[in-house]
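Asker: Following this message is one structure expressed as structure tokens.
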Amino acid sequence: MKWRRWGFTLIPVVAGLVVASLVTQVPTLTNPVVFVHVDVGTAALLTGLGLSTLAAIGLALWERAGRRCEHRLTGARARAAEERRRFLQRLDHELKNPLTAIRAGLANLANGSASAAQRDALTSVEAQVLRLSQLTADLRKLAELETRSLERAPVDVAELLQEAVALARDQPEAEGRRLTLTLPQAPWPVPDVFGDWDLLFLAIYNLLDNALKFTRPGDTVEVRAFEDSTFVAIEVADTGPGIPAEEALRVWDELYRGQGARGTPGSGLGLALARAIVERHGGRVTLRSRVGQGTVVVVRLPIK
């Protein structure tokens with residue numbers, strides 16, 4: 001089909017060759033000479049008109065090619081996202097049953113007459129199995145989040161933060177840390193946002209859990225919320241070791257674990273999941289960090 005379209009562009013050339021052949025080769029036809037008298041102003045006008053026409057045609061062709069390229073790129077991204085979602089769902093499905101069987105087998109072995117060294121080894125293996133189970137569960141949540149419909153309803157930000165902080169205080173990682181929550185009361189409380197309460201709770205709790213895991217006893221973790229123009233800003237700040245600048249942009253990547261995360265339990269999906277949830281709600285999340293001083297993660301959600 002392409003050669004047919006391009007073939008039309010050769011019609012003027014072919015027609016010119018036919019006419020030239022006729023007037024030069026047929027004896028009965030004369031080949032008159034035509035003189036064109038054009039003043040400079042008219043020549044300049046015609047030249048400008050021709051160049052503008054050529055430029056317009058070129059621009060139209062360029063924009064058309066750009067739209068086609070963008071359309072193909074959008075389609076490729078959609079297909080890649082769908083394939084990724086299906087892969088994560090298959091991975092979760094294939095790993096769930098073997099991991100459950102392994103955990104059951106480990107429990108049976110631990111209840112037997114195992115030595116202290118063997119029980120320690122079984123405990124280590126069980127910890128890694130639990131980590132794989134959590135990883136597959138988080139991958140499933142991430143895959144479902146990209147396609148599931150959100151239950152839109154007014155969300156009381158103050159209540160949500162209070163419950164998230166209360167749950168975080170009960171975790172072993174919170175021992176020895178000062179975990180505080182600051183909510184403004186004057187001149188008015190934090191306004192509601194519109195979204196899925198469960199998903200927003202998961203996002204904030206993941207940020208809290210991440211802050212607690214990477215701080216030490218004696219450190220402080222602060223949760224603050226305030227109104228920021230048309231957004232509600234939620235800050236999760238800590239006095240932990242901080243994140244190097246070269247790692248700060250990559251912490252949101254799935255499964256990425258920086259140098260400071262080595263040896264710390266986790267799937268590497270908590271921050272990626274939190275960002276995906278916030279962006280599904282039309283918000284954005286940013287991070288500021290100073291090595292040796294701490295980190296601040298800021299979530300901005302649109303007011304309902």
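Convention: chains lettered A, B, ... in structure tokens order; per-chain residue numbering from 1; ligands numbered from 1 as shown.
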List every residue of range 29-220 of chain A that DSSP, applied to the backbone of this structure, assigns to alpha helix (DSSP H), and report them as a ChimeraX atom specification.
Answerer: /A:40-110,116-145,157-169,197-213
Asker: If you count only C-alpha atoms, which residues fall within 8 Å of range 153-167 of chain A, apart from same-chain ones fewer than 2 positions away, as an MDAnalysis selection string?
Answerer: chainID A and resid 151 169:171 179:181 183 190:197 201 204:205 208 304
Asker: Please provide the set of residues having any atom within 9 Å of Gly292 in chain A, restricted to only C-alpha atoms, with same-chain residues fewer than 4 positions apart removed, written as a ChimeraX atom specification.
Answerer: /A:239-243
Asker: Give me every strand (DSSP E or B) residue in range 39-255 of chain A, going by DSSP on the backbone, as a list of chain:residue names.
Answerer: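 Checking each residue of range 39-255 of chain A, the strand (DSSP E or B) ones are A:Ala153, A:Pro154, A:Val155, A:Arg178, A:Leu179, A:Thr180, A:Leu181, A:Thr182, A:Val193, A:Phe194, A:Gly195, A:Thr220, A:Val221, A:Glu222, A:Val223, A:Arg224, A:Ala225, A:Phe226, A:Glu227, A:Asp228, A:Phe231, A:Val232, A:Ala233, A:Ile234, A:Glu235, A:Val236, A:Ala237, A:Asp238.
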Asker: Would you output that residue set with N, CA and C atoms, as a compact mmCIF listing (two decimals), in the first residue's frame?
Answerer:
```txt
# COMPACT_ATOMS: atom_id res chain seq x y z
N ALA A 153 -14.69 7.92 48.40
CA ALA A 153 -15.55 8.40 49.50
C ALA A 153 -14.73 9.40 50.31
N PRO A 154 -15.41 10.27 51.07
CA PRO A 154 -14.66 11.21 51.92
C PRO A 154 -13.82 10.45 52.95
N VAL A 155 -12.57 10.85 53.10
CA VAL A 155 -11.65 10.22 54.04
C VAL A 155 -11.21 11.27 55.06
N ARG A 178 10.75 7.51 69.33
CA ARG A 178 9.72 8.49 69.70
C ARG A 178 8.85 8.74 68.46
N LEU A 179 7.64 8.25 68.52
CA LEU A 179 6.70 8.36 67.40
C LEU A 179 5.61 9.36 67.78
N THR A 180 5.56 10.48 67.06
CA THR A 180 4.61 11.55 67.40
C THR A 180 3.74 11.87 66.19
N LEU A 181 2.56 12.42 66.50
CA LEU A 181 1.61 12.85 65.47
C LEU A 181 1.17 14.27 65.78
N THR A 182 1.28 15.14 64.79
CA THR A 182 0.89 16.55 64.95
C THR A 182 -0.21 16.88 63.96
N VAL A 193 -10.05 14.29 52.36
CA VAL A 193 -9.72 14.02 50.97
C VAL A 193 -10.73 13.00 50.44
N PHE A 194 -10.72 12.79 49.16
CA PHE A 194 -11.69 11.90 48.53
C PHE A 194 -10.94 10.72 47.95
N GLY A 195 -11.23 9.51 48.46
CA GLY A 195 -10.51 8.36 47.93
C GLY A 195 -10.87 7.07 48.63
N THR A 220 13.72 9.74 66.38
CA THR A 220 12.36 10.30 66.39
C THR A 220 11.72 10.13 65.02
N VAL A 221 10.46 9.74 65.01
CA VAL A 221 9.66 9.68 63.80
C VAL A 221 8.44 10.57 64.02
N GLU A 222 8.29 11.57 63.18
CA GLU A 222 7.19 12.52 63.31
C GLU A 222 6.25 12.41 62.11
N VAL A 223 4.96 12.42 62.38
CA VAL A 223 3.94 12.46 61.34
C VAL A 223 3.21 13.80 61.48
N ARG A 224 3.20 14.57 60.42
CA ARG A 224 2.57 15.90 60.45
C ARG A 224 1.61 16.02 59.26
N ALA A 225 0.55 16.75 59.47
CA ALA A 225 -0.42 16.99 58.39
C ALA A 225 -0.85 18.44 58.44
N PHE A 226 -1.05 19.04 57.27
CA PHE A 226 -1.51 20.43 57.19
C PHE A 226 -2.10 20.68 55.81
N GLU A 227 -2.87 21.75 55.72
CA GLU A 227 -3.48 22.13 54.45
C GLU A 227 -2.48 22.94 53.64
N ASP A 228 -2.31 22.57 52.38
CA ASP A 228 -1.37 23.25 51.50
C ASP A 228 -2.08 23.59 50.19
N PHE A 231 -4.30 21.09 48.41
CA PHE A 231 -3.86 19.75 48.80
C PHE A 231 -3.79 19.63 50.32
N VAL A 232 -3.87 18.40 50.78
CA VAL A 232 -3.51 18.07 52.15
C VAL A 232 -2.12 17.44 52.10
N ALA A 233 -1.20 18.04 52.83
CA ALA A 233 0.17 17.54 52.87
C ALA A 233 0.37 16.69 54.12
N ILE A 234 0.91 15.52 53.95
CA ILE A 234 1.22 14.61 55.06
C ILE A 234 2.71 14.32 55.02
N GLU A 235 3.39 14.64 56.10
CA GLU A 235 4.84 14.43 56.18
C GLU A 235 5.15 13.31 57.16
N VAL A 236 6.01 12.41 56.73
CA VAL A 236 6.56 11.38 57.61
C VAL A 236 8.06 11.65 57.68
N ALA A 237 8.50 12.17 58.83
CA ALA A 237 9.90 12.59 58.99
C ALA A 237 10.58 11.74 60.05
N ASP A 238 11.88 11.52 59.87
CA ASP A 238 12.63 10.74 60.86
C ASP A 238 14.04 11.31 60.99
```
Asker: Within 6 Å of range 281-287 of chain A, counting only C-alpha atoms, which residues qualify if same-chain residues fewer than 4 places away don't, as a list of chain:residue names?
Answerer: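 So the residues in contact are A:Val296, A:Val297, A:Val298, A:Val299, A:Arg300, A:Leu301.
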Asker: Keeping only C-alpha atoms, write the selected residues as a PDB file, in the first residue's frame.
Answerer:
```
ATOM      1  CA  VAL A 296      11.193  13.564  55.106  1.00  0.00           C
ATOM      2  CA  VAL A 297       8.612  11.968  52.811  1.00  0.00           C
ATOM      3  CA  VAL A 298       5.819  14.333  51.753  1.00  0.00           C
ATOM      4  CA  VAL A 299       2.481  13.070  50.423  1.00  0.00           C
ATOM      5  CA  ARG A 300       0.146  15.608  48.788  1.00  0.00           C
ATOM      6  CA  LEU A 301      -3.454  14.553  48.214  1.00  0.00           C
TER       7      LEU A 301
END
```
Asker: Any idea what the distance is between CA of Gly105 in chain A and CA of Asp138 in chain A?
Answerer: 23.5 Å
Asker: For Arg103 in chain A, please output as JSON, numbers by chain all residues within 7 Å (counting only C-alpha atoms; exclusion window: fewer than 4 positions along the same chain).
Answerer: {"A": [99, 107, 126]}
